[in-house]
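A.B. asks: Would you mind keeping the following structure in view while I ask a few things?
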Amino acid sequence: MQDKYQPAAVETAAQQHWDDTQAFRAVEDTKRPKYYCLSMFPYPSGKLHMGHVRNYTIGDVLSRYHRLRGYNVMQPMGWDAFGMPAENAAIQNNVPPAQWTYANIDYMKGQLKRLGFAIDWSREVATCTPEYYRWEQWLFTRLYAKGLIYKKLGTVNWDPVDETVLANEQVIDGRGWRSGALVEKREIPMYYMKITAYADELLEALDGLPGWPEQVKLMQKNWIGRSQGVEVHFPYDLSTVGKSGVLKVFTTRADTLLGATYVAVAAEHPLAAQAAAGHPELAAFIEECRHGGVAEADLATMEKKGMPTGLRVVHPLTGEYLQVWVANYVLMGYGEGAVMAVPAHDERDFAFATKYSLPIKMVVRSTHDAYETVVAPWIDAYAEHGKLVNSGKYDGLRFDAAVDAISADLAAKGLGAKRTQYRLRDWGISRQRYWGCPIPMIHCADCGDVPVPDAQLPVVLPENVEITGRGSPLAKMPEFYECACPQCGKPARRETDTMDTFVESSWYFLRYACADNATAMVDERVNYWAPADQYVGGIEHAILHLLYSRFFTRAMRDEGLVNISEPFTNLLTQGMVVAETYYREQAGGKKQWINPADVQVERDDKGRITAARLAADGQPVVIGGTEKMSKSKNNGVDPQALVDQYGADTARLFIIFAAPPDQQLEWSDSGVEGASRFLRRVWNYGHAFVQEVRPALPAARKLGTGELPGALADVRREIHTHLKQANHDFGKHQFNTVVSAAMKILNALEKAPREPAGAHAEIAEEGFGILLRLLSPITPHISHALWQDCGFGADILAASWPEPQAAALKQDELELMVQVNGKLRGSIKVPASAGKSDIEAAALASEAAQRFMEGQAPKKVVVVPGRLVNIVV
RNA sequence: GCCGGGAUGGCGGAAUCGGUAGACGCAGCGGAUUCAAAAUCCGCCGCCGCAAGGUGUGUGGGUUCGAGUCCCACUCCCGGCACCA
């Protein structure tokens, strides 16, 4: 054993041992409970960032903890390898996406191994390999045959200069990020997955997920957005529209129908197009609505604009004529592309009506008498439910009765009915990009859209391709798209769109169970491992990825591929890693971001930061606040440098100790120093244990059989108290306080009296054995080495998890706090067996109580067992 | 804009069921060791106050013997918003 802690040597040896013994190879075993520990697989962007290290450290802690608890643990890893960054890198550096991706995977895999994660690498998958995506294509054809995938028009961001479709993040202030051109909305045919067919099940099954954070379930519930409402039909006014028909709208506020004063349609709505013919101003407005992106956040925050069409529809109950407006906030892809407007009781309609001087008709009076009439400015009470007024025969009805009566009358006229609506929309999966899974369809002039037959799968993505950032690369490759129709054999055109990368990540966790199967998507092993007992990943995936995965698992269940519905039994959403930012203002007002590693911080005598300077030139820099680690803010800390300098255990320890897993983690170089210092102390204690303590151990252990001297009994109780706390915190996934408990145990061991030597050695042996096992999930390398060197056993992986002993926790005397009128005034010591009246008497007699009661008689005495006594005077 | 979350010393955080606010660590200060430094060890450390004591968990109210924790209203920060992953 080395005198000094040398992390590199310790970690290399431990990792070699795990490799040699194939320690983390997971094999199906029905005799032990299984524990499938899943972490969100990374996009191979180049090198690991701190968010990855945090994610996988949390997963590894859970995996190793459960292993020592006796579970058959499987912890796999793979690569979410398709996506836009590979194409961007190709444009920038002229490297083919495949080559770039595989090189990144190679490098990042080495980094993961260096961090000592207990991963079963035999199950590795990379989604960009035909071995993986062929099954995605295969499933696509099954779901297509079933009608669960269909084609319709969808709206995308179109860059007219680069002639390409842009992702929302590539649209900045309404312009293409590369070309700077004004982005337009464009409708193109796309394939959709019918996730809405599962909307009710996805919603209702949330109640059966006790292992998921409430906030995530709530977000998913709101995202699905099931609402009960009424579909209302407004018949066209023949004299203005020129044809018969109805305008359909959906409303959750049918009680306010009599307050509808106009209707609004989307710019793409057929009525808008009709009105625009021969109405140049309106046509110009509709053209203006086409500019800008499709992101909901932009649409919701932009200025609400509209224009009348001159067309009218008929109110279904009153027969009045209502104006049809075109409004930029009404979306064609949502519902029927039309809304009824009730300005008196809807804030957005109110703002619009006020702006364009449209009539406002109050039809609900708030039950709280919050208002007499609806006048500006808007107050929230206008939108509350209440009794109907100005609504003829419906006057006096409250919400439920009003909706019932109005929907019944609409139904009688054939102009509407109650309906359930969802906010959730079907999932558009077509992408006009190269680096993705090809959609296995062939378009034939005679036969229409024909799925690629099983025998021709996979449709392999060509890897030698030129990426320019203009247009879709596959659509420029005849060798890819020219093919024969599988049905009639005539020349046909292969689909050149690829799939959304969320499709790959919707089923990778099932493929891990049987990644080596070349003849089926999944096999019976999936029913041993799935569902994942624990899923660990970023909160930013709370809705899309997790909802798609829940949907996919059900779709695969209904194909008979798996026998589960929910893919993830427990979910842990980890917080972000943030760090301080520093910058200098440059001439044009542009900020030059400076990496924290290059900055020196000055503090006052209380440790408060007063200034920061660039180390290179000694000149001040501006402190910009803490932000998520990112390239753009140049505040990232390179995990590789950290591991090179301090070792993997220090990196892991700091990350676990600095914050609870679900909260944001603030980077701190001195915190890393502290973690490293603690591990050195652990090592030094282990060294002293071997040298001095071990030789003093009695041949026959007496611990727990006889009386310990009081001071050593206190040390032992303290250790077991901390262990109890640590076990409780492990259960809560609050690993930062597990580290605290480990630190407290080491503090107690170091301060323990050395006499009598035999008794001390026994306490030390028990306590240090507890400490090493507590730390082993977090800092596995040093724990492995010390476990062996200190003679606890050959391999800590074979050890069992420590449990606190009741006898060690026993206490004879308790200290209780004494309060007078709720303020802490002192404390008393009582025997653990003392009854309530004894405690009361002792508290009243105490010096502190006497002093602050000032001779007054107690009105009431509250005794909280084991905690405190509160005397009220 | 809509949905979800967060706020506790100089800093990260702890406080299990409404019961000692600030555990553990970092930074800082004082001391020991050292030729000196690093490392290590010991002590102090919310704020005001010489002390007694007062005060304190984003802000303002409320419930309670007792509130960081429960209730109401607000402020600021963060995540998501369907083509970043």
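Chain lettering (A, B, ...) mirrors the order of the structure tokens, residue numbering begins at 1 for each chain separately, and ligand numbering begins at 1 in order of display.
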Would you list which chain B residues are within 7 Å of chain A using only C-alpha atoms (C1' of nucleotides), as a ChimeraX atom specification?
C.D. replies: /B:1,3-4,10,12-13,19-20,24,26-28,65-66,79-81,83-85
A.B. asks: Leaving out Pro804 in chain A and any residue of its chain fewer than 3 positions from it, which residues lie within 8 Å of it when counting only C-alpha atoms (C1' of nucleotides), given as a list in words?
C.D. replies: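 Surrounding residues, per the criterion: His720, Thr721, Leu723, Lys724, Ala808 and Leu809 of chain A.
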A.B. asks: The selected residues should be written to file as a PDB file, in the first residue's frame (atoms: C-alpha atoms).
C.D. replies:
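Saved as part21.pdb:
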ATOM      1  CA  HIS A 720     -24.327   4.118  13.552  1.00  0.00           C
ATOM      2  CA  THR A 721     -26.464   7.254  13.746  1.00  0.00           C
ATOM      3  CA  LEU A 723     -25.104   5.264   8.908  1.00  0.00           C
ATOM      4  CA  LYS A 724     -28.809   5.264   9.657  1.00  0.00           C
ATOM      5  CA  ALA A 808     -25.209   0.691  19.128  1.00  0.00           C
ATOM      6  CA  LEU A 809     -27.886   3.374  18.751  1.00  0.00           C
TER       7      LEU A 809
END
A.B. asks: Between CA of Val125 in chain A and CA of Thr30 in chain A, what distance in Å does the model show, to one decimal?
C.D. replies: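 These atoms are spaced 24.7 Å apart.
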A.B. asks: Name the residues of range 589-661 of chain A that come out as strand (DSSP E or B) in a backbone DSSP run; write them as a PyMOL selection string.
C.D. replies: chain A and resi 591-594+599-603+609-614+620+622-628
A.B. asks: Given the selection you just returned, output its residues as a file containing N, CA and C atoms, formatted as a CSV table (one decimal), in the first residue's frame.
C.D. replies:
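To be explicit, this is the file written out as selection02.csv:
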chain,number,residue,atom,x,y,z
A,591,LYS,N,-20.0,41.1,-26.2
A,591,LYS,CA,-19.4,40.6,-25.1
A,591,LYS,C,-18.4,39.5,-25.5
A,592,GLN,N,-17.2,39.6,-24.9
A,592,GLN,CA,-16.2,38.6,-25.1
A,592,GLN,C,-16.1,37.8,-23.8
A,593,TRP,N,-16.6,36.5,-23.9
A,593,TRP,CA,-16.7,35.7,-22.7
A,593,TRP,C,-15.4,35.0,-22.3
A,594,ILE,N,-15.0,35.1,-21.0
A,594,ILE,CA,-13.7,34.6,-20.6
A,594,ILE,C,-13.9,33.4,-19.7
A,599,VAL,N,-9.5,33.4,-14.9
A,599,VAL,CA,-9.8,34.6,-14.1
A,599,VAL,C,-9.3,34.4,-12.7
A,600,GLN,N,-8.8,35.5,-12.1
A,600,GLN,CA,-8.5,35.5,-10.6
A,600,GLN,C,-9.5,36.4,-9.9
A,601,VAL,N,-10.0,35.9,-8.8
A,601,VAL,CA,-11.0,36.5,-8.0
A,601,VAL,C,-10.4,37.2,-6.8
A,602,GLU,N,-10.8,38.4,-6.5
A,602,GLU,CA,-10.4,39.1,-5.3
A,602,GLU,C,-11.5,39.1,-4.3
A,603,ARG,N,-11.2,39.0,-3.0
A,603,ARG,CA,-12.2,38.9,-1.9
A,603,ARG,C,-11.8,39.9,-0.8
A,609,ILE,N,-16.7,38.3,-2.8
A,609,ILE,CA,-16.0,38.6,-4.0
A,609,ILE,C,-16.1,40.1,-4.3
A,610,THR,N,-15.0,40.8,-4.5
A,610,THR,CA,-15.0,42.2,-4.8
A,610,THR,C,-14.7,42.6,-6.2
A,611,ALA,N,-13.8,41.7,-6.8
A,611,ALA,CA,-13.4,42.0,-8.2
A,611,ALA,C,-12.9,40.8,-8.8
A,612,ALA,N,-12.8,40.8,-10.1
A,612,ALA,CA,-12.2,39.7,-10.9
A,612,ALA,C,-11.3,40.3,-12.0
A,613,ARG,N,-10.1,39.6,-12.1
A,613,ARG,CA,-9.2,40.0,-13.1
A,613,ARG,C,-8.8,38.9,-14.0
A,614,LEU,N,-8.5,39.2,-15.3
A,614,LEU,CA,-7.9,38.2,-16.2
A,614,LEU,C,-6.5,37.9,-15.7
A,620,PRO,N,-9.2,44.2,-15.0
A,620,PRO,CA,-10.5,43.7,-14.5
A,620,PRO,C,-11.4,43.1,-15.6
A,622,VAL,N,-15.7,41.7,-16.1
A,622,VAL,CA,-17.0,41.9,-15.6
A,622,VAL,C,-17.5,40.5,-15.1
A,623,ILE,N,-18.1,40.5,-13.9
A,623,ILE,CA,-18.7,39.2,-13.4
A,623,ILE,C,-20.1,39.1,-13.9
A,624,GLY,N,-20.4,38.1,-14.6
A,624,GLY,CA,-21.7,38.0,-15.4
A,624,GLY,C,-22.7,37.2,-14.7
A,625,GLY,N,-22.5,36.6,-13.6
A,625,GLY,CA,-23.5,35.8,-12.9
A,625,GLY,C,-23.4,34.3,-13.3
A,626,THR,N,-24.1,33.4,-12.6
A,626,THR,CA,-24.0,32.0,-12.9
A,626,THR,C,-25.0,31.6,-14.0
A,627,GLU,N,-24.5,30.8,-15.0
A,627,GLU,CA,-25.3,30.3,-16.0
A,627,GLU,C,-25.0,28.9,-16.4
A,628,LYS,N,-25.9,28.2,-17.1
A,628,LYS,CA,-25.7,26.9,-17.5
A,628,LYS,C,-24.4,26.8,-18.3
